[in-house]
$ cat data09.cif   # mmCIF, C-alpha atoms
data_query
loop_
_atom_site.group_PDB
_atom_site.id
_atom_site.type_symbol
_atom_site.label_atom_id
_atom_site.label_comp_id
_atom_site.auth_asym_id
_atom_site.auth_seq_id
_atom_site.Cartn_x
_atom_site.Cartn_y
_atom_site.Cartn_z
ATOM 1 C CA MET E 1 33.167 73.141 -9.771
ATOM 2 C CA ALA E 2 32.090 70.328 -12.055
ATOM 3 C CA VAL E 3 29.336 71.491 -14.341
ATOM 4 C CA GLU E 4 26.903 68.608 -13.854
ATOM 5 C CA THR E 5 27.184 68.424 -10.063
ATOM 6 C CA ALA E 6 24.406 68.525 -7.536
ATOM 7 C CA ARG E 7 26.750 68.335 -4.535
ATOM 8 C CA PRO E 8 26.013 71.018 -1.917
ATOM 9 C CA ILE E 9 28.511 73.864 -1.735
ATOM 10 C CA LEU E 10 27.133 75.019 1.595
ATOM 11 C CA GLU E 11 24.577 74.203 4.248
ATOM 12 C CA THR E 12 22.682 76.541 6.535
ATOM 13 C CA PRO E 13 20.365 75.546 9.363
ATOM 14 C CA ARG E 14 17.391 75.113 6.999
ATOM 15 C CA LEU E 15 18.878 75.133 3.508
ATOM 16 C CA LEU E 16 21.307 73.500 1.105
ATOM 17 C CA LEU E 17 22.878 75.421 -1.774
ATOM 18 C CA ARG E 18 24.194 73.326 -4.639
ATOM 19 C CA GLY E 19 25.273 73.643 -8.232
ATOM 20 C CA MET E 20 22.595 73.336 -10.879
ATOM 21 C CA ALA E 21 22.266 70.065 -12.727
ATOM 22 C CA LEU E 22 20.513 69.348 -16.010
ATOM 23 C CA SER E 23 17.735 67.734 -13.959
ATOM 24 C CA ASP E 24 16.956 71.243 -12.583
ATOM 25 C CA SER E 25 15.732 72.453 -15.989
ATOM 26 C CA SER E 26 12.007 72.160 -15.181
ATOM 27 C CA PHE E 27 12.502 73.936 -11.843
ATOM 28 C CA LEU E 28 14.465 76.676 -13.621
ATOM 29 C CA LEU E 29 11.670 77.051 -16.180
ATOM 30 C CA THR E 30 9.120 77.456 -13.366
ATOM 31 C CA LEU E 31 11.237 80.064 -11.551
ATOM 32 C CA LEU E 32 12.137 82.113 -14.633
ATOM 33 C CA SER E 33 8.502 82.057 -15.817
ATOM 34 C CA ASP E 34 7.135 83.340 -12.507
ATOM 35 C CA PRO E 35 5.566 86.827 -12.774
ATOM 36 C CA SER E 36 7.686 88.038 -9.824
ATOM 37 C CA TRP E 37 10.886 87.001 -11.655
ATOM 38 C CA GLN E 38 9.676 88.699 -14.827
ATOM 39 C CA GLU E 39 8.828 91.911 -12.941
ATOM 40 C CA ASN E 40 11.873 92.147 -10.685
ATOM 41 C CA ILE E 41 14.647 90.456 -12.663
ATOM 42 C CA GLY E 42 13.527 90.379 -16.271
ATOM 43 C CA ASP E 43 12.673 88.141 -19.173
ATOM 44 C CA ARG E 44 15.433 85.670 -20.004
ATOM 45 C CA GLY E 45 13.647 84.244 -23.048
ATOM 46 C CA VAL E 46 13.040 80.884 -21.354
ATOM 47 C CA ARG E 47 9.677 79.572 -22.588
ATOM 48 C CA CYS E 48 10.008 75.772 -22.526
ATOM 49 C CA ALA E 49 12.146 72.965 -21.101
ATOM 50 C CA ALA E 50 14.540 73.121 -24.057
ATOM 51 C CA ASP E 51 15.070 76.867 -23.480
ATOM 52 C CA ALA E 52 15.767 76.171 -19.804
ATOM 53 C CA GLU E 53 18.423 73.607 -20.735
ATOM 54 C CA VAL E 54 20.080 76.081 -23.104
ATOM 55 C CA TYR E 55 19.997 78.808 -20.419
ATOM 56 C CA LEU E 56 21.471 76.371 -17.899
ATOM 57 C CA ARG E 57 24.287 75.294 -20.232
ATOM 58 C CA ASN E 58 25.103 78.691 -21.746
ATOM 59 C CA THR E 59 24.538 81.030 -18.806
ATOM 60 C CA ILE E 60 24.608 79.215 -15.458
ATOM 61 C CA TRP E 61 27.303 76.667 -16.296
ATOM 62 C CA ALA E 62 29.323 79.263 -18.210
ATOM 63 C CA GLN E 63 29.697 81.238 -14.967
ATOM 64 C CA TYR E 64 30.846 78.096 -13.126
ATOM 65 C CA ARG E 65 33.436 77.376 -15.810
ATOM 66 C CA ALA E 66 34.690 80.948 -16.132
ATOM 67 C CA HIS E 67 34.743 81.989 -12.483
ATOM 68 C CA GLY E 68 34.319 78.916 -10.273
ATOM 69 C CA TYR E 69 31.023 80.220 -8.923
ATOM 70 C CA GLY E 70 27.583 81.183 -10.164
ATOM 71 C CA MET E 71 23.930 80.753 -9.265
ATOM 72 C CA TYR E 72 23.058 77.820 -7.022
ATOM 73 C CA VAL E 73 19.835 75.966 -6.347
ATOM 74 C CA VAL E 74 18.441 76.677 -2.878
ATOM 75 C CA GLN E 75 16.833 73.584 -1.375
ATOM 76 C CA LEU E 76 15.052 72.903 1.886
ATOM 77 C CA ARG E 77 17.273 70.597 3.948
ATOM 78 C CA SER E 78 14.262 68.731 5.295
ATOM 79 C CA THR E 79 12.887 67.694 1.892
ATOM 80 C CA THR E 80 15.585 68.681 -0.673
ATOM 81 C CA LEU E 81 12.793 70.544 -2.495
ATOM 82 C CA PRO E 82 14.206 73.364 -4.669
ATOM 83 C CA ILE E 83 12.694 76.690 -3.590
ATOM 84 C CA GLY E 84 14.855 79.243 -5.387
ATOM 85 C CA ILE E 85 18.325 80.276 -6.429
ATOM 86 C CA CYS E 86 21.077 82.326 -4.847
ATOM 87 C CA GLY E 87 24.542 82.988 -6.110
ATOM 88 C CA LEU E 88 27.266 85.196 -7.439
ATOM 89 C CA VAL E 89 27.438 86.471 -10.998
ATOM 90 C CA LYS E 90 30.454 88.181 -12.512
ATOM 91 C CA CYS E 91 29.242 91.026 -14.706
ATOM 92 C CA ASP E 92 31.705 92.692 -17.082
ATOM 93 C CA PHE E 93 30.567 96.146 -15.977
ATOM 94 C CA LEU E 94 31.153 95.599 -12.221
ATOM 95 C CA ALA E 95 34.520 95.347 -10.446
ATOM 96 C CA ALA E 96 33.290 92.588 -8.103
ATOM 97 C CA PRO E 97 30.672 89.807 -8.274
ATOM 98 C CA ASP E 98 26.966 90.562 -8.018
ATOM 99 C CA LEU E 99 24.975 88.742 -5.308
ATOM 100 C CA GLY E 100 21.603 87.597 -6.618
ATOM 101 C CA PHE E 101 18.671 85.658 -5.232
ATOM 102 C CA ALA E 102 15.135 84.689 -6.175
ATOM 103 C CA LEU E 103 12.589 82.405 -4.545
ATOM 104 C CA LEU E 104 9.381 80.842 -5.707
ATOM 105 C CA PRO E 105 6.518 83.018 -4.375
ATOM 106 C CA GLU E 106 5.304 80.483 -1.819
ATOM 107 C CA TYR E 107 8.676 80.650 -0.008
ATOM 108 C CA VAL E 108 9.027 84.453 0.144
ATOM 109 C CA GLY E 109 8.778 86.105 3.561
ATOM 110 C CA ARG E 110 10.094 83.160 5.593
ATOM 111 C CA GLY E 111 13.710 84.279 5.934
ATOM 112 C CA TYR E 112 15.035 81.834 3.333
ATOM 113 C CA ALA E 113 16.510 84.510 1.042
ATOM 114 C CA TYR E 114 18.359 86.098 3.966
ATOM 115 C CA GLU E 115 19.640 82.718 5.169
ATOM 116 C CA ALA E 116 20.825 81.666 1.705
ATOM 117 C CA ALA E 117 22.418 85.043 0.878
ATOM 118 C CA ARG E 118 24.137 85.318 4.257
ATOM 119 C CA GLY E 119 25.519 81.772 3.936
ATOM 120 C CA LEU E 120 26.742 82.530 0.433
ATOM 121 C CA MET E 121 28.429 85.744 1.567
ATOM 122 C CA VAL E 122 30.354 83.822 4.234
ATOM 123 C CA HIS E 123 31.259 81.145 1.663
ATOM 124 C CA ALA E 124 32.435 83.818 -0.810
ATOM 125 C CA GLU E 125 34.692 85.446 1.751
ATOM 126 C CA LYS E 126 36.088 82.374 3.481
ATOM 127 C CA ASN E 127 36.314 79.884 0.613
ATOM 128 C CA LEU E 128 36.596 82.023 -2.523
ATOM 129 C CA GLY E 129 38.517 84.997 -1.139
ATOM 130 C CA ILE E 130 35.857 87.425 -2.373
ATOM 131 C CA GLY E 131 35.342 90.327 -0.007
ATOM 132 C CA ARG E 132 33.598 93.075 -1.930
ATOM 133 C CA LEU E 133 30.207 92.277 -3.420
ATOM 134 C CA TYR E 134 27.648 94.213 -5.383
ATOM 135 C CA ALA E 135 23.919 93.620 -5.563
ATOM 136 C CA MET E 136 21.387 95.098 -7.939
ATOM 137 C CA ALA E 137 17.673 95.615 -7.513
ATOM 138 C CA LYS E 138 15.130 97.166 -9.790
ATOM 139 C CA ARG E 139 13.905 100.531 -8.665
ATOM 140 C CA GLY E 140 10.821 99.985 -6.553
ATOM 141 C CA ASN E 141 11.777 96.438 -5.498
ATOM 142 C CA HIS E 142 11.548 97.451 -1.844
ATOM 143 C CA ARG E 143 11.548 93.887 -0.508
ATOM 144 C CA SER E 144 14.946 93.122 -2.080
ATOM 145 C CA LEU E 145 16.371 96.503 -1.108
ATOM 146 C CA ARG E 146 15.329 95.956 2.538
ATOM 147 C CA LEU E 147 16.932 92.520 2.517
ATOM 148 C CA LEU E 148 20.141 93.912 1.052
ATOM 149 C CA GLY E 149 20.204 96.517 3.826
ATOM 150 C CA ARG E 150 19.816 93.765 6.416
ATOM 151 C CA LEU E 151 22.735 91.952 4.784
ATOM 152 C CA GLY E 152 24.943 95.017 5.237
ATOM 153 C CA PHE E 153 24.813 96.387 1.695
ATOM 154 C CA HIS E 154 24.673 100.134 1.279
ATOM 155 C CA HIS E 155 23.185 102.060 -1.598
ATOM 156 C CA GLU E 156 25.889 103.215 -3.990
ATOM 157 C CA ALA E 157 23.820 105.038 -6.590
ATOM 158 C CA PRO E 158 21.249 104.624 -9.289
ATOM 159 C CA TYR E 159 23.033 102.765 -12.071
ATOM 160 C CA LEU E 160 22.316 102.540 -15.778
ATOM 161 C CA LEU E 161 22.745 98.969 -17.041
ATOM 162 C CA PRO E 162 24.215 98.359 -20.502
ATOM 163 C CA ASP E 163 20.669 97.647 -21.783
ATOM 164 C CA GLY E 164 19.535 101.104 -20.625
ATOM 165 C CA GLU E 165 17.561 100.017 -17.550
ATOM 166 C CA GLU E 166 18.152 102.040 -14.391
ATOM 167 C CA ILE E 167 18.615 99.956 -11.241
ATOM 168 C CA GLU E 168 19.711 100.519 -7.660
ATOM 169 C CA LEU E 169 23.330 99.438 -7.184
ATOM 170 C CA CYS E 170 24.330 98.379 -3.690
ATOM 171 C CA ALA E 171 27.746 97.342 -2.370
ATOM 172 C CA ARG E 172 29.190 95.540 0.615
ATOM 173 C CA ALA E 173 32.832 95.318 1.597
ATOM 174 C CA SER E 174 34.631 92.684 3.612
ATOM 175 C CA PRO E 175 35.161 91.719 6.337
ATOM 176 C CA LEU E 176 31.789 90.368 7.262
ATOM 177 C CA VAL E 177 30.449 91.779 10.469
ATOM 178 C CA PRO E 178 27.933 90.020 12.667
ATOM 179 C CA LEU E 179 24.449 90.506 11.279
ATOM 180 C CA GLN E 180 21.081 90.022 12.879
#
$ encode --input "data09.cif" --output "structure tokens"
Amino acid sequence: MAVETARPILETPRLLLRGMALSDSSFLLTLLSDPSWQENIGDRGVRCAADAEVYLRNTIWAQYRAHGYGMYVVQLRSTTLPIGICGLVKCDFLAAPDLGFALLPEYVGRGYAYEAARGLMVHAEKNLGIGRLYAMAKRGNHRSLRLLGRLGFHHEAPYLLPDGEEIELCARASPLVPLQ
């Protein structure tokens, strides 16, 4: 994937998922500064537009370059408004990619995270040849854990991250089965 592309990698009935472009820096700053992101995902040290550009170049684009996938902007098809991110991240401490997602608070609870994650799972299996996926959620993040269950992930075990934080590690193996 070209680093500075905004071309959609997949479409769902209501959403487009596309690579992040430099023009997404202000959106990324808004998302990473949201209290829900801070509570459930963690502080990434992004405090201003310049920090967002550095994070985009050194973290998001680095995943694209290294693995051919990463986190994608989730947009509404009807307006192309960015509402969140969803993607795959290759962590050194996991044997398979980690599925991640986050939405701006005003778009939570409308089925967008499920739709984006499900579309990405199909894309990962059919287009990238990735069958097994992991997903992590902070302990107590019941909303994400319920969504992961709906997506067919099962709880593996509590897991201690390299930074010492304990999270819930979930896994899902291929092939995809019909989900509701």
$ atom_distance --input "data09.cif" --atom1 "CA of Thr30 (chain E)" --atom2 "CA of Ala66 (chain E)"
26.0 Å
$ residues_around --input "data09.cif" --residues "Leu145 (chain E)" --least-positions-apart "5" --cutoff "9 Å" --atoms "all atoms listed in the file" --output "number ranges by chain"
E: 136-140, 150, 153, 155, 168, 170
$ atom_distance --input "data09.cif" --atom1 "CA of Ala21 (chain E)" --atom2 "CA of Trp61 (chain E)"
9.0 Å
$ atom_distance --input "data09.cif" --atom1 "CA of Ser78 (chain E)" --atom2 "CA of Glu125 (chain E)"
26.6 Å
$ closest_residue --input "data09.cif" --among "E:Pro35, E:Pro8, E:Gly19, E:Pro162" --to "Leu94 (chain E)" --atoms "all atoms listed in the file"
E:Pro162
$ closest_residue --input "data09.cif" --among "E:Pro13, E:Pro82, E:Gly129, E:Pro105" --to "Tyr69 (chain E)" --atoms "only C-alpha atoms"
E:Gly129
$ residues_around --input "data09.cif" --residues "Arg44 (chain E)" --least-positions-apart "4" --cutoff "9 Å" --atoms "all atoms listed in the file" --output "PyMOL selection string"
chain E and resi 32-33+38+55
$ closest_residue --input "data09.cif" --among "E:Ala173, E:Ile83, E:Ile130, E:Ala102" --to "Ala117 (chain E)" --atoms "all atoms listed in the file"
E:Ala102
$ residues_near_point --input "data09.cif" --point "(26.2, 81.9, -2.4)" --cutoff "7 Å" --atoms "only C-alpha atoms" --output "PyMOL selection string"
chain E and resi 72+86-88+116-117+119-121+123-124
$ closest_residue --input "data09.cif" --among "E:Arg118, E:Lys126, E:Arg65, E:His142" --to "Leu17 (chain E)" --atoms "all atoms listed in the file"
E:Arg118
$ closest_residue --input "data09.cif" --among "E:Arg7, E:Ile167, E:Phe27, E:Asp34" --to "Ala49 (chain E)" --atoms "all atoms listed in the file"
E:Phe27
$ decode --input "data09.cif" --residues "region 18-161 of chain E" --atoms "C-alpha atoms" --output "compact mmCIF listing (two decimals), in the first residue's frame"
# COMPACT_ATOMS: atom_id res chain seq x y z
CA ARG E 18 -9.01 3.57 3.59
CA GLY E 19 -5.37 4.17 4.32
CA MET E 20 -4.50 7.22 6.38
CA ALA E 21 -3.20 10.28 4.59
CA LEU E 22 -1.33 13.25 6.01
CA SER E 23 -4.57 15.22 5.69
CA ASP E 24 -6.02 12.93 8.42
CA SER E 25 -3.70 14.38 11.07
CA SER E 26 -6.32 16.65 12.68
CA PHE E 27 -8.86 13.81 12.76
CA LEU E 28 -6.22 11.54 14.32
CA LEU E 29 -5.46 14.19 16.95
CA THR E 30 -9.17 14.42 17.83
CA LEU E 31 -9.54 10.63 18.11
CA LEU E 32 -6.36 10.04 20.13
CA SER E 33 -7.23 12.93 22.47
CA ASP E 34 -10.72 11.62 23.22
CA PRO E 35 -11.17 10.55 26.87
CA SER E 36 -12.56 7.16 25.73
CA TRP E 37 -9.38 6.51 23.70
CA GLN E 38 -7.23 7.55 26.65
CA GLU E 39 -9.16 5.27 29.03
CA ASN E 40 -9.51 2.20 26.84
CA ILE E 41 -6.45 2.29 24.58
CA GLY E 42 -3.94 4.58 26.24
CA ASP E 43 -1.98 7.77 25.87
CA ARG E 44 0.06 7.89 22.67
CA GLY E 45 1.70 11.23 23.49
CA VAL E 46 -0.19 13.04 20.71
CA ARG E 47 -0.91 16.58 21.95
CA CYS E 48 -0.94 18.74 18.81
CA ALA E 49 -1.15 18.53 15.02
CA ALA E 50 2.62 18.12 14.70
CA ASP E 51 2.53 15.16 17.12
CA ALA E 52 -0.28 13.60 15.08
CA GLU E 53 1.79 13.89 11.90
CA VAL E 54 4.77 12.24 13.61
CA TYR E 55 2.52 9.44 14.95
CA LEU E 56 1.04 8.97 11.48
CA ARG E 57 4.45 8.80 9.79
CA ASN E 58 6.29 6.75 12.42
CA THR E 59 3.57 4.40 13.65
CA ILE E 60 0.67 4.10 11.19
CA TRP E 61 2.69 4.32 7.97
CA ALA E 62 5.46 2.16 9.43
CA GLN E 63 2.95 -0.69 9.77
CA TYR E 64 1.85 -0.22 6.14
CA ARG E 65 5.46 -0.33 4.95
CA ALA E 66 6.51 -3.27 7.11
CA HIS E 67 3.46 -5.49 6.78
CA GLY E 68 1.23 -4.20 3.97
CA TYR E 69 -1.58 -3.44 6.41
CA GLY E 70 -2.25 -1.30 9.45
CA MET E 71 -4.92 0.98 10.88
CA TYR E 72 -7.40 2.46 8.42
CA VAL E 73 -9.71 5.45 8.58
CA VAL E 74 -13.37 4.45 8.85
CA GLN E 75 -15.60 6.83 6.90
CA LEU E 76 -19.33 7.05 6.38
CA ARG E 77 -20.03 6.20 2.73
CA SER E 78 -22.81 8.78 2.56
CA THR E 79 -20.64 11.76 3.56
CA THR E 80 -17.02 10.45 3.59
CA LEU E 81 -16.83 11.85 7.14
CA PRO E 82 -14.14 10.06 9.19
CA ILE E 83 -15.72 8.48 12.28
CA GLY E 84 -12.98 6.21 13.59
CA ILE E 85 -10.26 3.74 12.77
CA CYS E 86 -10.12 -0.01 12.35
CA GLY E 87 -7.23 -2.16 11.31
CA LEU E 88 -4.60 -4.77 11.90
CA VAL E 89 -1.42 -4.20 13.87
CA LYS E 90 1.49 -6.61 13.97
CA CYS E 91 2.85 -6.71 17.51
CA ASP E 92 6.21 -8.37 18.14
CA PHE E 93 4.80 -10.28 21.11
CA LEU E 94 1.87 -11.89 19.22
CA ALA E 95 2.08 -14.66 16.61
CA ALA E 96 -0.66 -13.10 14.46
CA PRO E 97 -1.96 -9.56 13.82
CA ASP E 98 -4.07 -7.74 16.39
CA LEU E 99 -7.48 -6.42 15.27
CA GLY E 100 -8.14 -2.95 16.66
CA PHE E 101 -10.91 -0.40 16.38
CA ALA E 102 -11.96 2.91 17.89
CA LEU E 103 -14.75 5.33 17.04
CA LEU E 104 -15.47 8.89 17.98
CA PRO E 105 -18.01 8.82 20.85
CA GLU E 106 -20.91 10.14 18.79
CA TYR E 107 -20.72 7.09 16.49
CA VAL E 108 -20.53 4.39 19.19
CA GLY E 109 -23.52 2.07 19.57
CA ARG E 110 -24.69 2.23 15.95
CA GLY E 111 -23.08 -0.98 14.69
CA TYR E 112 -20.25 0.80 12.85
CA ALA E 113 -17.44 -0.90 14.79
CA TYR E 114 -18.93 -4.33 14.10
CA GLU E 115 -19.42 -3.53 10.41
CA ALA E 116 -15.88 -2.18 9.99
CA ALA E 117 -14.23 -5.01 11.96
CA ARG E 118 -16.22 -7.72 10.19
CA GLY E 119 -15.36 -6.23 6.78
CA LEU E 120 -11.71 -6.04 7.74
CA MET E 121 -11.69 -9.65 8.94
CA VAL E 122 -13.05 -10.80 5.58
CA HIS E 123 -10.48 -8.62 3.78
CA ALA E 124 -7.66 -10.04 5.94
CA GLU E 125 -8.63 -13.61 5.17
CA LYS E 126 -9.50 -13.30 1.49
CA ASN E 127 -7.02 -10.67 0.31
CA LEU E 128 -4.11 -10.89 2.76
CA GLY E 129 -4.20 -14.61 3.57
CA ILE E 130 -4.43 -13.90 7.30
CA GLY E 131 -6.61 -16.39 9.11
CA ARG E 132 -5.77 -16.19 12.79
CA LEU E 133 -6.27 -12.86 14.52
CA TYR E 134 -5.84 -11.60 18.03
CA ALA E 135 -7.63 -8.72 19.71
CA MET E 136 -6.85 -7.01 22.98
CA ALA E 137 -9.11 -5.10 25.32
CA LYS E 138 -8.42 -3.48 28.63
CA ARG E 139 -9.89 -5.28 31.57
CA GLY E 140 -13.31 -3.81 32.23
CA ASN E 141 -13.85 -2.63 28.63
CA HIS E 142 -17.06 -4.65 28.44
CA ARG E 143 -18.33 -2.96 25.28
CA SER E 144 -15.26 -4.02 23.27
CA LEU E 145 -15.23 -7.50 24.79
CA ARG E 146 -18.91 -8.00 23.84
CA LEU E 147 -18.19 -6.86 20.30
CA LEU E 148 -15.23 -9.22 20.03
CA GLY E 149 -17.48 -12.07 21.17
CA ARG E 150 -19.99 -11.16 18.47
CA LEU E 151 -17.16 -11.23 15.94
CA GLY E 152 -16.29 -14.79 16.94
CA PHE E 153 -13.28 -14.09 19.15
CA HIS E 154 -12.86 -16.20 22.25
CA HIS E 155 -11.10 -15.25 25.44
CA GLU E 156 -7.61 -16.74 25.55
CA ALA E 157 -6.39 -15.46 28.90
CA PRO E 158 -5.42 -12.39 30.83
CA TYR E 159 -2.19 -11.21 29.24
CA LEU E 160 0.61 -9.05 30.59
CA LEU E 161 1.78 -6.53 27.98
